[in-house]
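Okay, entry37.tsv now, which holds TSV, C-alpha atoms:
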```
chain	number	residue	atom	x	y	z
A	1	MET	CA	-3.21	28.63	-6.52
A	2	GLY	CA	-6.73	27.15	-6.58
A	3	HIS	CA	-5.51	23.60	-6.01
A	4	PHE	CA	-3.41	24.58	-3.02
A	5	SER	CA	-6.31	26.59	-1.61
A	6	SER	CA	-8.54	23.51	-1.67
A	7	MET	CA	-5.86	21.58	0.19
A	8	PHE	CA	-5.74	24.21	2.90
A	9	ASN	CA	-9.50	23.99	3.32
A	10	GLY	CA	-8.98	20.34	4.19
A	11	LEU	CA	-6.14	21.24	6.52
A	12	ALA	CA	-8.39	23.69	8.32
A	13	ARG	CA	-10.93	20.93	8.90
A	14	SER	CA	-8.25	18.59	10.22
A	15	PHE	CA	-6.87	21.24	12.58
A	16	SER	CA	-10.37	21.94	13.90
A	17	LEU	CA	-10.63	18.24	14.70
A	18	LYS	CA	-7.26	18.46	16.39
A	19	LYS	CA	-8.36	21.37	18.57
A	20	ARG	CA	-11.54	19.61	19.62
A	21	LYS	CA	-9.54	16.51	20.48
A	22	ASN	CA	-7.16	18.42	22.72
A	23	SER	CA	-9.44	21.12	24.10
A	24	SER	CA	-9.79	19.32	27.43
A	25	GLY	CA	-6.21	18.08	27.58
A	26	ASN	CA	-2.86	19.70	28.03
A	27	GLY	CA	-3.24	22.01	25.04
A	28	LYS	CA	-0.65	20.25	22.90
A	29	TYR	CA	-1.36	19.56	19.24
A	30	ASP	CA	-0.84	15.91	18.44
A	31	GLY	CA	-1.03	15.22	14.72
A	32	ARG	CA	-1.74	11.52	15.19
A	33	ASP	CA	-4.66	12.30	17.48
A	34	ALA	CA	-6.03	14.49	14.71
A	35	VAL	CA	-5.63	11.69	12.16
A	36	GLU	CA	-7.31	9.24	14.52
A	37	ALA	CA	-10.23	11.64	14.88
A	38	MET	CA	-10.42	12.05	11.10
A	39	ALA	CA	-10.32	8.27	10.63
A	40	LYS	CA	-13.20	7.76	13.09
A	41	GLU	CA	-15.25	10.42	11.33
A	42	ALA	CA	-14.44	8.84	7.95
A	43	LYS	CA	-15.46	5.42	9.28
A	44	ARG	CA	-18.81	6.80	10.41
A	45	ASN	CA	-19.31	8.24	6.93
A	46	ASP	CA	-18.42	4.96	5.16
A	47	LEU	CA	-15.20	6.40	3.71
A	48	ILE	CA	-12.77	3.82	5.15
A	49	LEU	CA	-12.63	0.06	4.63
A	50	ARG	CA	-10.14	-2.35	6.21
A	51	SER	CA	-11.83	-5.61	5.23
A	52	SER	CA	-13.06	-7.36	2.09
A	53	GLY	CA	-15.78	-5.38	0.37
A	54	THR	CA	-16.22	-2.24	-1.72
A	55	VAL	CA	-15.83	1.49	-1.24
A	56	ASN	CA	-18.27	3.40	-3.43
A	57	VAL	CA	-18.82	7.06	-2.59
A	58	ASP	CA	-21.34	9.30	-4.29
A	59	GLY	CA	-19.61	11.94	-6.37
A	60	SER	CA	-16.22	10.22	-6.30
A	61	LYS	CA	-14.29	9.25	-9.41
A	62	ASN	CA	-13.22	6.03	-7.69
A	63	PHE	CA	-14.76	2.64	-7.09
A	64	ALA	CA	-12.69	0.25	-4.96
A	65	SER	CA	-13.05	-3.52	-4.64
A	66	LEU	CA	-11.07	-5.34	-1.91
A	67	PHE	CA	-10.67	-9.02	-1.10
A	68	SER	CA	-8.30	-11.11	1.03
A	69	ARG	CA	-8.11	-14.88	1.46
A	70	ARG	CA	-6.18	-16.74	4.13
A	71	GLY	CA	-3.70	-19.25	2.73
A	72	GLU	CA	-2.67	-22.65	4.05
A	73	LYS	CA	0.14	-21.50	6.34
A	74	GLY	CA	-1.91	-20.34	9.33
A	75	VAL	CA	-3.34	-16.95	10.22
A	76	ASN	CA	-3.82	-14.46	7.37
A	77	GLN	CA	-0.88	-12.03	7.55
A	78	ASP	CA	-2.14	-9.80	4.73
A	79	CYS	CA	-4.18	-6.68	5.41
A	80	PHE	CA	-5.24	-3.55	3.55
A	81	ILE	CA	-7.03	-0.21	3.74
A	82	VAL	CA	-8.84	2.19	1.42
A	83	TRP	CA	-9.66	5.70	2.64
A	84	GLU	CA	-11.74	8.01	0.45
A	85	GLU	CA	-11.39	11.76	1.08
A	86	PHE	CA	-8.04	11.06	2.70
A	87	GLY	CA	-7.07	13.82	5.11
A	88	CYS	CA	-10.40	15.62	4.58
A	89	GLN	CA	-9.47	16.16	0.92
A	90	GLN	CA	-12.35	15.42	-1.44
A	91	ASP	CA	-10.01	14.69	-4.34
A	92	MET	CA	-7.71	12.32	-2.41
A	93	THR	CA	-7.88	8.55	-1.90
A	94	PHE	CA	-5.39	6.41	0.02
A	95	CYS	CA	-4.89	2.71	-0.73
A	96	GLY	CA	-2.47	0.44	1.11
A	97	ILE	CA	-1.80	-3.30	1.03
A	98	PHE	CA	0.52	-5.05	3.49
A	99	ASP	CA	1.98	-8.58	3.49
A	100	GLY	CA	3.34	-9.71	6.86
A	101	HIS	CA	5.79	-12.53	7.46
A	102	GLY	CA	7.42	-14.25	10.42
A	103	PRO	CA	5.88	-15.35	13.74
A	104	TRP	CA	4.47	-11.88	14.47
A	105	GLY	CA	3.82	-10.92	10.85
A	106	HIS	CA	0.05	-10.50	11.21
A	107	PHE	CA	0.58	-8.03	14.05
A	108	VAL	CA	3.30	-6.15	12.17
A	109	SER	CA	1.26	-5.71	9.00
A	110	LYS	CA	-1.73	-4.32	10.90
A	111	GLN	CA	0.48	-2.01	12.98
A	112	VAL	CA	2.18	-0.62	9.87
A	113	ARG	CA	-1.20	-0.20	8.16
A	114	GLU	CA	-2.38	2.09	10.94
A	115	SER	CA	0.87	3.93	11.65
A	116	ILE	CA	1.80	4.65	8.01
A	117	VAL	CA	-1.54	6.39	7.47
A	118	SER	CA	-1.14	8.69	10.47
A	119	SER	CA	2.56	9.38	9.90
A	120	LEU	CA	2.14	10.08	6.19
A	121	LEU	CA	-0.79	12.44	6.68
A	122	CYS	CA	0.91	14.37	9.50
A	123	ILE	CA	4.18	14.75	7.59
A	124	TRP	CA	2.40	15.67	4.34
A	125	GLN	CA	0.40	18.40	6.09
A	126	GLU	CA	3.56	19.85	7.63
A	127	SER	CA	5.46	19.70	4.32
A	128	LEU	CA	2.55	21.27	2.44
A	129	ALA	CA	2.36	24.17	4.89
A	130	GLU	CA	6.10	24.81	4.55
A	131	ALA	CA	6.13	24.51	0.75
A	132	SER	CA	3.26	26.96	0.31
A	133	THR	CA	5.53	29.79	1.36
A	134	ASP	CA	7.57	29.54	-1.87
A	135	PRO	CA	5.35	30.77	-4.77
A	136	ASP	CA	8.12	30.52	-7.39
A	137	LEU	CA	8.40	26.74	-7.45
A	138	ASP	CA	6.71	24.75	-10.23
A	139	LYS	CA	3.51	23.38	-8.68
A	140	LYS	CA	3.61	19.94	-10.33
A	141	VAL	CA	7.24	19.37	-9.40
A	142	GLN	CA	6.60	20.76	-5.95
A	143	ARG	CA	3.64	18.45	-5.40
A	144	PHE	CA	5.63	15.32	-6.31
A	145	ASN	CA	8.56	16.41	-4.17
A	146	ILE	CA	6.25	16.98	-1.20
A	147	TRP	CA	4.74	13.51	-1.53
A	148	LYS	CA	8.10	11.83	-2.10
A	149	GLU	CA	9.63	13.47	0.95
A	150	SER	CA	6.51	12.69	2.98
A	151	PHE	CA	6.61	9.00	2.05
A	152	LEU	CA	10.33	8.76	2.80
A	153	LYS	CA	9.99	10.42	6.19
A	154	ALA	CA	6.85	8.47	7.10
A	155	CYS	CA	8.43	5.10	6.30
A	156	ALA	CA	11.55	5.96	8.31
A	157	THR	CA	9.39	7.05	11.25
A	158	VAL	CA	7.22	3.93	11.15
A	159	ASP	CA	10.18	1.58	10.98
A	160	GLN	CA	11.96	3.32	13.84
A	161	GLU	CA	8.86	3.21	16.04
A	162	LEU	CA	8.25	-0.43	15.14
A	163	GLU	CA	11.68	-1.42	16.47
A	164	HIS	CA	10.73	-0.13	19.91
A	165	HIS	CA	7.13	-1.31	19.98
A	166	PRO	CA	6.42	-2.65	23.49
A	167	LYS	CA	4.06	-5.45	22.44
A	168	ILE	CA	5.22	-6.65	19.01
A	169	ASP	CA	8.44	-8.62	18.46
A	170	THR	CA	9.82	-7.49	15.11
A	171	PHE	CA	13.29	-9.04	15.29
A	172	TYR	CA	12.34	-11.98	13.05
A	173	SER	CA	9.03	-10.59	11.74
A	174	GLY	CA	8.09	-7.85	9.31
A	175	THR	CA	5.84	-6.68	6.51
A	176	THR	CA	5.90	-5.23	3.03
A	177	ALA	CA	3.89	-2.10	2.23
A	178	LEU	CA	2.51	-0.88	-1.09
A	179	THR	CA	0.68	2.43	-0.80
A	180	ILE	CA	-0.95	4.73	-3.33
A	181	VAL	CA	-2.43	8.20	-2.98
A	182	ARG	CA	-4.70	9.38	-5.75
A	183	GLN	CA	-4.80	13.16	-5.73
A	184	GLY	CA	-6.95	14.50	-8.53
A	185	GLU	CA	-5.66	12.90	-11.71
A	186	VAL	CA	-2.28	11.84	-10.33
A	187	LEU	CA	-1.23	8.63	-8.58
A	188	PHE	CA	1.63	8.82	-6.08
A	189	ILE	CA	3.02	5.35	-5.45
A	190	ALA	CA	5.36	4.21	-2.66
A	191	ASN	CA	6.55	0.62	-2.54
A	192	VAL	CA	8.47	-1.26	0.14
A	193	GLY	CA	8.81	-4.95	-0.73
A	194	ASP	CA	7.46	-7.30	-3.38
A	195	SER	CA	3.78	-6.45	-3.65
A	196	ARG	CA	2.93	-4.95	-7.02
A	197	ALA	CA	0.79	-2.25	-8.63
A	198	VAL	CA	-0.38	-2.75	-12.22
A	199	LEU	CA	-2.33	-0.18	-14.23
A	200	ALA	CA	-4.82	-1.24	-16.90
A	201	THR	CA	-4.89	1.22	-19.79
A	202	THR	CA	-6.52	1.21	-23.21
A	203	CYS	CA	-4.21	1.17	-26.22
A	204	ASP	CA	-4.99	2.54	-29.69
A	205	ASP	CA	-6.66	-0.67	-30.88
A	206	GLY	CA	-9.09	-0.58	-27.96
A	207	ASN	CA	-7.55	-3.45	-26.02
A	208	LEU	CA	-6.60	-3.20	-22.35
A	209	VAL	CA	-2.91	-3.60	-21.64
A	210	PRO	CA	-1.02	-3.70	-18.32
A	211	VAL	CA	1.54	-1.14	-17.20
A	212	GLN	CA	3.55	-2.22	-14.16
A	213	LEU	CA	3.92	0.76	-11.85
A	214	THR	CA	6.24	-0.76	-9.23
A	215	VAL	CA	9.38	-2.86	-8.95
A	216	ASP	CA	9.28	-6.20	-7.12
A	217	PHE	CA	12.10	-5.71	-4.64
A	218	LYS	CA	13.65	-9.16	-4.57
A	219	PRO	CA	17.15	-9.86	-3.20
A	220	ASN	CA	18.48	-10.88	-6.63
A	221	LEU	CA	17.85	-7.50	-8.28
A	222	PRO	CA	21.35	-6.21	-9.12
A	223	GLN	CA	21.11	-2.99	-7.08
A	224	GLU	CA	19.56	-4.85	-4.15
A	225	THR	CA	22.15	-7.64	-4.23
A	226	GLU	CA	24.96	-5.10	-4.34
A	227	ARG	CA	23.68	-3.32	-1.24
A	228	ILE	CA	23.14	-6.58	0.66
A	229	LEU	CA	26.61	-7.89	-0.14
A	230	GLN	CA	28.20	-4.58	0.82
A	231	CYS	CA	26.48	-4.96	4.21
A	232	ASN	CA	27.83	-8.54	4.56
A	233	GLY	CA	24.43	-10.14	4.02
A	234	ARG	CA	24.07	-13.15	1.73
A	235	VAL	CA	21.77	-13.90	-1.22
A	236	PHE	CA	21.18	-17.44	-2.46
A	237	CYS	CA	18.49	-20.02	-3.26
A	238	LEU	CA	17.82	-23.15	-1.28
A	239	ASP	CA	18.37	-26.45	-3.10
A	240	ASP	CA	14.65	-27.19	-3.19
A	241	GLU	CA	13.64	-23.65	-4.21
A	242	SER	CA	15.28	-23.05	-7.55
A	243	GLY	CA	14.90	-19.42	-8.63
A	244	VAL	CA	13.71	-18.17	-5.22
A	245	HIS	CA	16.50	-15.90	-4.00
A	246	ARG	CA	16.51	-15.11	-0.30
A	247	LEU	CA	18.32	-12.74	2.05
A	248	TRP	CA	20.39	-14.41	4.80
A	249	LEU	CA	22.52	-13.39	7.76
A	250	PRO	CA	26.30	-13.66	7.28
A	251	ASP	CA	26.82	-16.73	9.47
A	252	GLU	CA	23.35	-18.19	10.02
A	253	SER	CA	20.77	-19.98	7.88
A	254	SER	CA	18.13	-17.40	8.72
A	255	PRO	CA	15.90	-15.50	8.17
A	256	GLY	CA	15.71	-16.31	4.44
A	257	LEU	CA	13.61	-13.32	3.38
A	258	ALA	CA	12.24	-13.45	-0.16
A	259	MET	CA	12.22	-9.65	-0.39
A	260	SER	CA	14.96	-7.03	-0.02
A	261	ARG	CA	12.86	-4.24	1.50
A	262	ALA	CA	10.49	-4.51	4.45
A	263	PHE	CA	9.44	-2.96	7.72
A	264	GLY	CA	10.69	-4.80	10.80
A	265	ASP	CA	13.02	-7.82	10.43
A	266	TYR	CA	15.64	-6.12	12.57
A	267	CYS	CA	17.81	-9.23	12.56
A	268	VAL	CA	18.91	-8.24	9.04
A	269	LYS	CA	18.52	-4.46	9.06
A	270	ASP	CA	22.30	-4.14	9.45
A	271	PHE	CA	22.89	-6.63	6.62
A	272	GLY	CA	21.19	-5.00	3.64
A	273	LEU	CA	17.46	-5.02	4.35
A	274	ILE	CA	15.97	-1.51	4.14
A	275	SER	CA	12.53	0.06	4.53
A	276	VAL	CA	13.14	2.91	2.08
A	277	PRO	CA	10.23	3.20	-0.38
A	278	ASP	CA	10.56	3.61	-4.12
A	279	VAL	CA	8.34	6.65	-4.81
A	280	THR	CA	6.95	7.39	-8.28
A	281	GLN	CA	4.01	9.14	-9.87
A	282	ARG	CA	1.64	8.46	-12.75
A	283	HIS	CA	-0.78	10.87	-14.41
A	284	ILE	CA	-4.21	9.34	-14.97
A	285	THR	CA	-5.68	9.80	-18.45
A	286	SER	CA	-9.07	8.94	-19.94
A	287	LYS	CA	-7.48	5.74	-21.28
A	288	ASP	CA	-6.60	4.44	-17.82
A	289	GLN	CA	-9.31	2.17	-16.41
A	290	PHE	CA	-8.13	0.73	-13.09
A	291	VAL	CA	-5.10	-0.15	-11.00
A	292	VAL	CA	-4.47	-3.48	-9.26
A	293	LEU	CA	-2.62	-3.56	-5.94
A	294	ALA	CA	-1.88	-7.13	-4.88
A	295	THR	CA	0.43	-9.14	-2.65
A	296	ASP	CA	2.90	-11.60	-4.12
A	297	GLY	CA	0.38	-14.39	-3.58
A	298	VAL	CA	-1.24	-13.11	-6.78
A	299	TRP	CA	1.86	-12.28	-8.80
A	300	ASP	CA	3.66	-15.54	-8.06
A	301	VAL	CA	1.11	-17.35	-10.22
A	302	ILE	CA	-0.74	-14.68	-12.25
A	303	SER	CA	0.90	-12.48	-14.91
A	304	ASN	CA	0.15	-8.79	-15.32
A	305	GLU	CA	-1.72	-9.54	-18.56
A	306	GLU	CA	-3.78	-12.28	-16.92
A	307	ALA	CA	-4.68	-10.04	-13.99
A	308	VAL	CA	-5.93	-7.25	-16.27
A	309	GLU	CA	-7.92	-9.75	-18.33
A	310	ILE	CA	-9.48	-11.38	-15.26
A	311	VAL	CA	-10.59	-8.03	-13.85
A	312	SER	CA	-11.84	-6.60	-17.13
A	313	GLU	CA	-13.94	-9.70	-17.82
A	314	THR	CA	-15.64	-9.62	-14.41
A	315	PRO	CA	-19.18	-8.26	-15.05
A	316	ASP	CA	-19.69	-6.97	-11.49
A	317	ARG	CA	-16.83	-4.70	-10.44
A	318	ALA	CA	-17.80	-5.15	-6.81
A	319	LYS	CA	-16.72	-8.79	-7.15
A	320	ALA	CA	-13.61	-8.14	-9.25
A	321	ALA	CA	-11.08	-8.40	-6.39
A	322	LYS	CA	-12.67	-11.62	-5.14
A	323	HIS	CA	-12.61	-13.09	-8.66
A	324	LEU	CA	-8.93	-12.21	-9.09
A	325	VAL	CA	-8.02	-13.77	-5.74
A	326	GLN	CA	-10.02	-16.92	-6.53
A	327	CYS	CA	-8.26	-17.24	-9.89
A	328	ALA	CA	-4.91	-16.91	-8.11
A	329	VAL	CA	-5.87	-19.67	-5.65
A	330	ARG	CA	-6.74	-22.02	-8.52
A	331	ALA	CA	-3.48	-21.11	-10.27
A	332	TRP	CA	-1.52	-21.91	-7.11
A	333	LYS	CA	-3.07	-25.36	-6.86
A	334	ARG	CA	-2.42	-26.00	-10.55
A	335	LYS	CA	1.10	-24.57	-10.88
A	336	ARG	CA	2.53	-25.22	-7.40
A	337	ARG	CA	1.24	-28.60	-6.36
A	338	GLY	CA	2.52	-29.67	-3.00
A	339	ILE	CA	3.31	-26.09	-1.94
A	340	ALA	CA	1.05	-24.44	0.64
A	341	VAL	CA	-1.07	-21.67	-0.88
A	342	ASP	CA	0.04	-18.22	0.27
A	343	ASP	CA	-2.24	-15.54	1.71
A	344	ILE	CA	-3.67	-13.73	-1.31
A	345	SER	CA	-5.05	-10.18	-1.27
A	346	ALA	CA	-5.95	-7.51	-3.81
A	347	ILE	CA	-7.30	-3.97	-4.08
A	348	LEU	CA	-8.81	-2.81	-7.36
A	349	LEU	CA	-9.20	0.93	-7.75
A	350	PHE	CA	-11.42	1.76	-10.73
A	351	PHE	CA	-11.29	5.25	-12.22
A	352	HIS	CA	-14.04	7.39	-13.80
A	353	SER	CA	-16.85	5.96	-11.64
A	354	LYS	CA	-19.04	9.03	-11.15
A	355	HIS	CA	-22.38	7.27	-11.58
A	356	PHE	CA	-22.22	5.02	-8.53
A	357	CYS	CA	-24.07	5.73	-5.27
A	358	GLN	CA	-22.43	5.77	-1.87
A	359	HIS	CA	-22.03	2.43	-0.14
A	360	ILE	CA	-19.57	0.11	1.52
A	361	TYR	CA	-20.54	-3.51	1.00
A	362	PRO	CA	-18.78	-5.97	3.31
A	363	VAL	CA	-17.85	-9.34	1.85
A	364	THR	CA	-17.51	-12.48	3.94
A	365	THR	CA	-14.00	-13.87	3.59
A	366	PRO	CA	-13.84	-17.68	3.32
A	367	LYS	CA	-11.95	-19.37	6.15
```
Would you put the structure from the file into C-alpha cells?
Amino acid sequence: MGHFSSMFNGLARSFSLKKRKNSSGNGKYDGRDAVEAMAKEAKRNDLILRSSGTVNVDGSKNFASLFSRRGEKGVNQDCFIVWEEFGCQQDMTFCGIFDGHGPWGHFVSKQVRESIVSSLLCIWQESLAEASTDPDLDKKVQRFNIWKESFLKACATVDQELEHHPKIDTFYSGTTALTIVRQGEVLFIANVGDSRAVLATTCDDGNLVPVQLTVDFKPNLPQETERILQCNGRVFCLDDESGVHRLWLPDESSPGLAMSRAFGDYCVKDFGLISVPDVTQRHITSKDQFVVLATDGVWDVISNEEAVEIVSETPDRAKAAKHLVQCAVRAWKRKRRGIAVDDISAILLFFHSKHFCQHIYPVTTPK
C-alpha cells in the first residue's frame, strides 16, 4: 500500500490548492481550477516547459530535451509540454506532443495540449480515489486500468469540448496527440494520430536498438480502413502522392487527412475519424536509455534506427532534440525535393539521470 499512500499525499496537496483557489468563491470544487493552480506553481518551480529547451530537476530520474522547428507551410502547428512532478507526484512526469493541421490547427493543438493535461489529471485523481476502496485487486493491473480508463475518458471529454469551443473552428481543423506518463518505472502511453514514440534500449551485445511503442494511425491500416469504410468514408491516394493514403468525405474531395485518429476535424467524425487513444504500458529497465516522442515530420524521413543513433551520438543531451530535428530537416531537403518541409518537433526523455542539477534552459527556435 506504500505506493498508493504516496499518491494520496500528492492528492492531498492538490486538494489543498483547490480549497485555496475556491475559498473566496462559491465553495464549489473545480478540478480544472486545481490543475491550473498546480500548473502555475510548477511553472514557478521550473517543473513545466512548453517551448524548446530542457527540463532538468534535481533528484529526478529524468532529463528532457525539447525542440520544435517551423516548416515551410506557414505558422508552426506543432506544440508540446513536459511536466515534472505531474499532479504533485514526485515520481510522475507527463510528456505530450501535438501536431495540428488545417486552417486553425495551431490553435487546436495548443488548446488540446492544455485541456488534455487538466482533464487527464482530474479524471485520474477521481479514478484513483474510487479504486483505492477495493484492496483485493492486483495493484499493477489496477494501476494500468486506472490510467487506461483515465486516458479514454479524458480524450473523449477534450474532443467533445473542442466541438463546442466558442473561439476555435474545428470543423476542418484538428490535431494529433501523443502523451506519456512516467510513473516510477512504468511508462503509460496514449496515442491519437500518427506521431510516434520510440524507446532506445541496450541489447545483449551492448548496442542500442529501437523499440517502437506506438502505432502510426494511418487510414490504410486494415482496422482503420475497415472502420472508415463502414462509416461511408473513403481512403485513397492522390495521383501525385503515391503511397500517401488519406481519409475523404463520401462525396467531396476533402479533407484528405493523412491520419485516421485526431481531435477535431468534425467534418469527418461521422465518417470514420475517431479520437480514441491506443493506451499501452512499458516497464522501464536498467537497459532502457531514453524515449523519443516526435511528430511525423521526423518519422516521414528518419527511421527508428536512425533516430536512436542520432540521439545516442549527440555528446550534449541538452541539444539532442535540436540535433534530431536538424537531421530531419536535412533529410527532408534531400529525400523530398520540391516538397515543403513539414513542422518538425521532438521530445527526448532520458532515464536514469540522477546526477543533474535543477534547471530549465530555454532554446531559441529558428524562424
Under the rule that all atoms listed in the file are counted, which of A:Ser286, A:Ser303, A:Asn76, A:Gln160 is the nearest residue to A:Asp99?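 Answer, going by the shortest atom-to-atom distance: A:Asn76.
Minimum distance to A:Phe151 across A:Ser119, A:Thr175, A:Gly256, A:Ala328 (counting only C-alpha atoms) occurs at A:Ser119.
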Using all atoms listed in the file, which protein or nucleic acid residues come within 7 Å of A:Asp91? Drop anything in the same chain fewer than 5 positions from it, and give the result as a list in words.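 Residues near the query, excluding close chain neighbours: Glu85, Gln183 and Gly184 of chain A.
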Filtering to C-alpha atoms, could you give me those residues as a short mmCIF file (atom, residue, chain, number, x, y, z; two decimals), in the frame of the given file?
```cif
data_model
loop_
_atom_site.label_atom_id
_atom_site.label_comp_id
_atom_site.auth_asym_id
_atom_site.auth_seq_id
_atom_site.Cartn_x
_atom_site.Cartn_y
_atom_site.Cartn_z
CA GLU A 85 -11.39 11.76 1.08
CA GLN A 183 -4.80 13.16 -5.73
CA GLY A 184 -6.95 14.50 -8.53
#
```
So how far away is atom CA of A:Gln125 from atom CA of A:Ala34, in Å?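 Straight-line distance from atom CA of A:Ala34 to atom CA of A:Gln125 works out to 11.4 Å.
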Residues near A:Thr285, cut-off 9 Å, only C-alpha atoms, skip fewer than 4 positions along chain, as a list in words: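 The residues satisfying every condition are Glu185, Thr201 and Gln289 of chain A.
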Which residue out of A:Lys148, A:Lys333, A:Arg234, A:Lys40 has the minimum interatomic distance to A:Ser254 when only C-alpha atoms are used?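 When distances to A:Ser254 are compared using only C-alpha atoms, the smallest one comes from A:Arg234.
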Selection near A:Val308, 9 Å with all atoms listed in the file, sequence-local residues under 6 positions removed, as a ChimeraX atom specification: /A:198-200,208-210,290-292
Between A:Trp83, A:Ser173, A:Lys61, A:Phe144, single out the one closest to A:Glu41, counting only C-alpha atoms. A:Trp83
May I ask for the distance between atom CA of A:Leu349 and atom CA of A:Val186, given in Å to one decimal place?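 A separation of 13.2 Å between them.
In this structure, atom CA of A:Glu241 sits 24.6 Å away from atom CA of A:Thr214.
Distance check against A:Leu324 using all atoms listed in the file: of A:Gly297, A:Gly59, A:Gly338, A:Gly193, the minimum falls on A:Gly297.
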Tell me, as a list in words, which residues lie within 9 Å of A:Phe271, counting all atoms listed in the file; anything in the same chain fewer than 5 positions away does not count. Arg227, Ile228, Leu229, Gln230, Cys231, Asn232, Gly233, Arg234, Leu247, Trp248, Leu249 and Pro250 of chain A
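Proximity to A:Asp205 was assessed for A:Arg32, A:Lys287, A:Leu178, A:Ile116 counting only C-alpha atoms; the smallest distance is recorded for A:Lys287.
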Shell of 10 Å around A:Glu84, only C-alpha atoms, local chain residues under 2 positions omitted, as an MDAnalysis selection string: chainID A and resid 42:43 45:49 55:57 60 62:64 82 86:95 181:182
